[in-house]
Amino acid sequence: MPPQPTAPPGSTAFQSCINAACGANYPVSQVLIECPACGCLLDVDYDWSSVRQRIPGMWWFNGRSSTTGPRHAAGSVDATPSALDFSGVWRFRDLLAFYGDESDIVTLGEGRTNLQRADLLGSAIGITPASGGRLYLQYEGFNPSGSFKDNGMTAAFTHARMVGAHRVACASTGNTSASLAVYAALTQIPATVFIGDGKIAYGKLAQALDYGAQTLQIAGDFDACLARLVEIVVKRPELGVYLMNSVNPFRLEGQKTIMYRVLEGLDWRVPDWIVVPGGNLGNSSAFGKAFIELKSLGLIDRVPRLAVINAGGARTLDRVVNEMGVKWTPGGPASTAGAGTPPPPASQSLARTSAARGAGGEAGLRGTWDRAALDREYARMDKAKERAHTVASAIEINRPVNLPKCLRTLHAMNGVVRSVDDTTIVEHKALVGRYGFGCEPASGASVAGAKRLIDEGVIGKDQTVVCILTGHALKDPDVTVGYHTGIDTKTAGAVMSELGLTAKPTGKWSNAPIKVKDDLDSIIAAMGV
Ligand code: F0G
């Protein structure tokens, strides 16, 4: 008989507002997308005492990746201990133990991804292997849905099932929708995805349609889609829509494990640099949280530096950090934590956990930042009708929802932010391909950004650099074919869109997208909820 799932020893998880001036905590059983008291982002935080007692070093996780034994019955995503060890997310479950019992966990073996040493590509962008420089590619395209999103989705679906969610939804530039659709199909939780009209690569759209998610093509961009969906979740709670975007703090818990696997791939040595593309800033936020926690637990002795790379046509973070100088200030007066927090709405039961007062739990996750400056910048962008535009459609985002958490990461990891233009992105995407590792355009931005920082002398040629390749090459074949053949993908897209007006699918399982106006009532009517 296979070993039975057990509860994580001594796990005490709670949700915690990142704003040091607020300091509110909430139980994990509550479904929240922001702090009800102050409107800021939430973390999942923990009482770490059990981890401190049991885990002497990261090597403690060594045995789990080589697990043998039964995984899942076909079509099942329920956890068994060996299925958990098989997952590159859940083999680190002790560091994200927000679930009540291991049998709550929804997994399909996500996160079995590679840290690939890439000397040839490294040399091509200026790293010198002869002087000890190393480039590694953390290839998240190997996930079940072909992008890093599965790391987060497995965690968010675990939470969704714990709280009994009966409909899940996301706004997406494509990969979130593909990943959500996979987990929704396997758990049979009805799913809706909101995508910007004409704003999604066909590889990703194809996945959401095939996995049976209801797909709403909203007349607008990603920012508009997310704003509408948040409006539905907040204003119409009776519809019971569970939000799967990265404002959901449970998703980011799963994405922390990308960093654990990088360390694992380096035999638990800490690299000098992590380079990641920045869109909605979920990854960078999760990476910073992972390192803040590991450092505070004494499981690493230093943190790597981080470079977040924006596309030139979607460079809100770059502007906010490098031109406006907005920064994260950690901690906050311990006496203000909790004090002065407006009472939560009557429907919310606010639980305060003594372990988490002051600077935000044991790890010190709380801080402050200039909220008014961000509001002013967004107002300016709206007035100027500035819209994100880049060939890397995955990161075509103007208002990154996790921006404050990313500021925290930049503080904790001594991070830098740069932008790279579209031509540089596609050239570096092609260069990655040339050395045998395909990726989609947004992922090419990380290699392009690393090259820029090496040229600037910020990243040393003799340093160890890990570029995160966030999505598989086959996600966006139009850009690749366009690059290699000169076929104008925009024209091709327009033709497809024309066809879309008249063509009728005939397949038994056809799941055509529904065109909807950017209007709340039309969207809710189309959702049929
Ligand atoms: N790379 C890829 C391939 C992505 O799909 C995304 C985000 C990012 C990078 C940016 O990551 O948001 O954590 O900074 N895609 C989202 C989506 C927005 O809807 O699929 P981030």
# chains A, B, ... in the order shown; residues from 1 in each chain; ligands from 1

$ residues_around --residues "A:Asp78" --least-positions-apart "2" --cutoff "7 Å" --atoms "only C-alpha atoms" --output "ChimeraX atom specification"
/A:76,80,103,105-107

$ residues_around --residues "stretch 403-418 of chain A" --least-positions-apart "4" --cutoff "6 Å" --atoms "only C-alpha atoms" --output "list in words"
Ser284, Ser285, Gly288, Arg305, Leu306, Ala307, Val308, Ile309, Asp318 and Trp328 of chain A

$ closest_residue --among "A:Ala21, A:Ile397, A:Ala206, A:Ile459" --to "ligand 1" --atoms "only C-alpha atoms and all ligand atoms"
A:Ile397

$ closest_residue --among "A:Gly152, A:Gly449, A:Gly164, A:Gly436" --to "ligand 1" --atoms "only C-alpha atoms and all ligand atoms"
A:Gly152

$ closest_atom_pairs --of "stretch 279-333 of chain A" --to "stretch 424-434 of chain A" --cutoff "12 Å" --atoms "only C-alpha atoms" --output "CSV"
residue,atom,partner,partner_atom,distance
A:Ile309,CA,A:Ile425,CA,10.4
A:Asn310,CA,A:Ile425,CA,10.1
A:Ala311,CA,A:Ile425,CA,7.9
A:Gly312,CA,A:Ile425,CA,9.6
A:Gly313,CA,A:Ile425,CA,11.4

$ write_last_selection --atoms "N, CA and C atoms" --output "compact mmCIF listing (two decimals), in the first residue's frame"
# COMPACT_ATOMS: atom_id res chain seq x y z
N ILE A 309 14.16 42.50 -16.84
CA ILE A 309 14.27 43.08 -18.18
C ILE A 309 12.88 43.35 -18.76
N ASN A 310 12.61 44.62 -19.00
CA ASN A 310 11.36 45.02 -19.66
C ASN A 310 11.56 45.06 -21.17
N ALA A 311 10.47 44.95 -21.91
CA ALA A 311 10.51 45.29 -23.33
C ALA A 311 10.43 46.82 -23.42
N GLY A 312 11.14 47.39 -24.40
CA GLY A 312 11.16 48.85 -24.53
C GLY A 312 9.77 49.45 -24.66
N GLY A 313 8.85 48.69 -25.26
CA GLY A 313 7.49 49.21 -25.46
C GLY A 313 6.57 48.94 -24.27

$ residues_near_ligand --ligand "ligand 1" --cutoff "8 Å" --atoms "only C-alpha atoms and all ligand atoms" --output "CSV table (one decimal) with N, CA and C atoms, in the first residue's frame"
chain,number,residue,atom,x,y,z
A,147,SER,N,5.2,26.7,-20.1
A,147,SER,CA,5.7,27.9,-19.6
A,147,SER,C,5.9,27.8,-18.0
A,148,PHE,N,6.5,28.8,-17.5
A,148,PHE,CA,6.7,28.8,-16.0
A,148,PHE,C,5.5,28.9,-15.2
A,149,LYS,N,4.4,29.2,-15.9
A,149,LYS,CA,3.1,29.5,-15.1
A,149,LYS,C,2.6,28.3,-14.3
A,170,CYS,N,-8.9,34.0,-15.3
A,170,CYS,CA,-7.7,34.9,-15.3
A,170,CYS,C,-7.8,35.8,-16.5
A,171,ALA,N,-7.0,36.9,-16.4
A,171,ALA,CA,-6.7,37.7,-17.6
A,171,ALA,C,-5.4,37.3,-18.1
A,172,SER,N,-5.1,37.3,-19.4
A,172,SER,CA,-3.8,36.7,-19.8
A,172,SER,C,-3.3,37.3,-21.1
A,173,THR,N,-2.0,37.3,-21.2
A,173,THR,CA,-1.4,37.5,-22.5
A,173,THR,C,-1.1,36.2,-23.2
A,174,GLY,N,-1.6,35.1,-22.5
A,174,GLY,CA,-1.6,33.8,-23.2
A,174,GLY,C,-1.1,32.6,-22.3
A,175,ASN,N,0.0,32.8,-21.7
A,175,ASN,CA,0.5,31.6,-20.9
A,175,ASN,C,-0.3,31.3,-19.7
A,176,THR,N,-0.7,32.3,-19.0
A,176,THR,CA,-1.5,32.1,-17.8
A,176,THR,C,-2.8,31.3,-18.2
A,177,SER,N,-3.4,31.8,-19.3
A,177,SER,CA,-4.6,31.1,-19.7
A,177,SER,C,-4.4,29.7,-20.1
A,178,ALA,N,-3.2,29.4,-20.8
A,178,ALA,CA,-2.9,28.0,-21.2
A,178,ALA,C,-2.8,27.1,-20.0
A,222,PHE,N,-4.2,43.6,-22.3
A,222,PHE,CA,-4.1,42.9,-21.1
A,222,PHE,C,-4.6,43.7,-19.9
A,245,ASN,N,-4.8,35.2,-11.5
A,245,ASN,CA,-3.6,36.0,-11.8
A,245,ASN,C,-2.6,36.1,-10.7
A,246,SER,N,-1.5,36.7,-11.0
A,246,SER,CA,-0.4,36.7,-9.9
A,246,SER,C,-0.6,37.7,-8.8
A,276,VAL,N,15.7,37.9,-15.5
A,276,VAL,CA,14.3,37.5,-15.8
A,276,VAL,C,13.6,38.6,-16.5
A,277,PRO,N,12.7,38.2,-17.5
A,277,PRO,CA,11.9,39.2,-18.1
A,277,PRO,C,10.8,39.7,-17.2
A,278,GLY,N,10.4,40.9,-17.3
A,278,GLY,CA,9.4,41.5,-16.4
A,278,GLY,C,8.2,41.9,-17.1
A,279,GLY,N,7.0,41.3,-16.7
A,279,GLY,CA,5.7,41.7,-17.3
A,279,GLY,C,4.9,42.2,-16.2
A,280,ASN,N,4.1,41.3,-15.6
A,280,ASN,CA,3.2,41.6,-14.5
A,280,ASN,C,4.0,41.5,-13.2
A,281,LEU,N,5.3,41.1,-13.3
A,281,LEU,CA,6.3,41.1,-12.2
A,281,LEU,C,6.0,40.1,-11.1
A,282,GLY,N,5.3,39.0,-11.5
A,282,GLY,CA,5.0,37.9,-10.5
A,282,GLY,C,6.3,37.1,-10.2
A,283,ASN,N,7.0,36.8,-11.3
A,283,ASN,CA,8.3,36.0,-11.1
A,283,ASN,C,9.3,36.8,-10.2
A,284,SER,N,9.5,38.0,-10.6
A,284,SER,CA,10.6,38.7,-9.8
A,284,SER,C,10.1,38.9,-8.4
A,285,SER,N,8.8,39.1,-8.2
A,285,SER,CA,8.3,39.2,-6.8
A,285,SER,C,8.5,37.9,-6.0
A,394,ALA,N,3.9,38.4,-24.4
A,394,ALA,CA,3.7,37.9,-23.1
A,394,ALA,C,3.9,39.0,-22.0
A,395,ILE,N,4.8,40.0,-22.4
A,395,ILE,CA,5.1,41.0,-21.4
A,395,ILE,C,4.6,42.4,-21.9
A,396,GLU,N,3.6,42.4,-22.7
A,396,GLU,CA,3.0,43.6,-23.2
A,396,GLU,C,2.0,44.2,-22.1
A,397,ILE,N,2.6,44.7,-21.1
A,397,ILE,CA,1.8,45.1,-19.9
A,397,ILE,C,2.2,46.5,-19.4
A,400,PRO,N,2.0,46.8,-14.2
A,400,PRO,CA,2.3,45.5,-13.6
A,400,PRO,C,1.7,45.4,-12.1
A,440,GLU,N,10.3,31.5,-26.3
A,440,GLU,CA,9.5,32.5,-26.9
A,440,GLU,C,10.1,33.9,-26.8
A,441,PRO,N,9.6,34.9,-27.5
A,441,PRO,CA,10.2,36.3,-27.5
A,441,PRO,C,10.5,36.8,-26.1
A,442,ALA,N,9.5,36.8,-25.2
A,442,ALA,CA,9.7,37.4,-23.9
A,442,ALA,C,10.9,36.8,-23.2
A,443,SER,N,11.1,35.5,-23.4
A,443,SER,CA,12.2,34.8,-22.7
A,443,SER,C,13.5,35.3,-23.3
A,469,LEU,N,14.5,31.2,-18.9
A,469,LEU,CA,13.7,31.1,-20.2
A,469,LEU,C,12.3,30.7,-19.8
A,470,THR,N,11.4,31.7,-19.9
A,470,THR,CA,10.1,31.5,-19.3
A,470,THR,C,9.1,30.7,-20.1
A,471,GLY,N,9.3,30.7,-21.4
A,471,GLY,CA,8.3,30.0,-22.2
A,471,GLY,C,8.9,29.3,-23.4
A,472,HIS,N,8.2,28.2,-23.9
A,472,HIS,CA,8.7,27.4,-25.0
A,472,HIS,C,8.7,28.1,-26.3

$ atom_distance --atom1 "atom CA of A:Gly100" --atom2 "atom CA of A:Thr12"
9.1 Å

$ select_by_dssp --residues "stretch 432-487 of chain A" --states "helix (DSSP H, G or I)" --output "count of residues only"
30
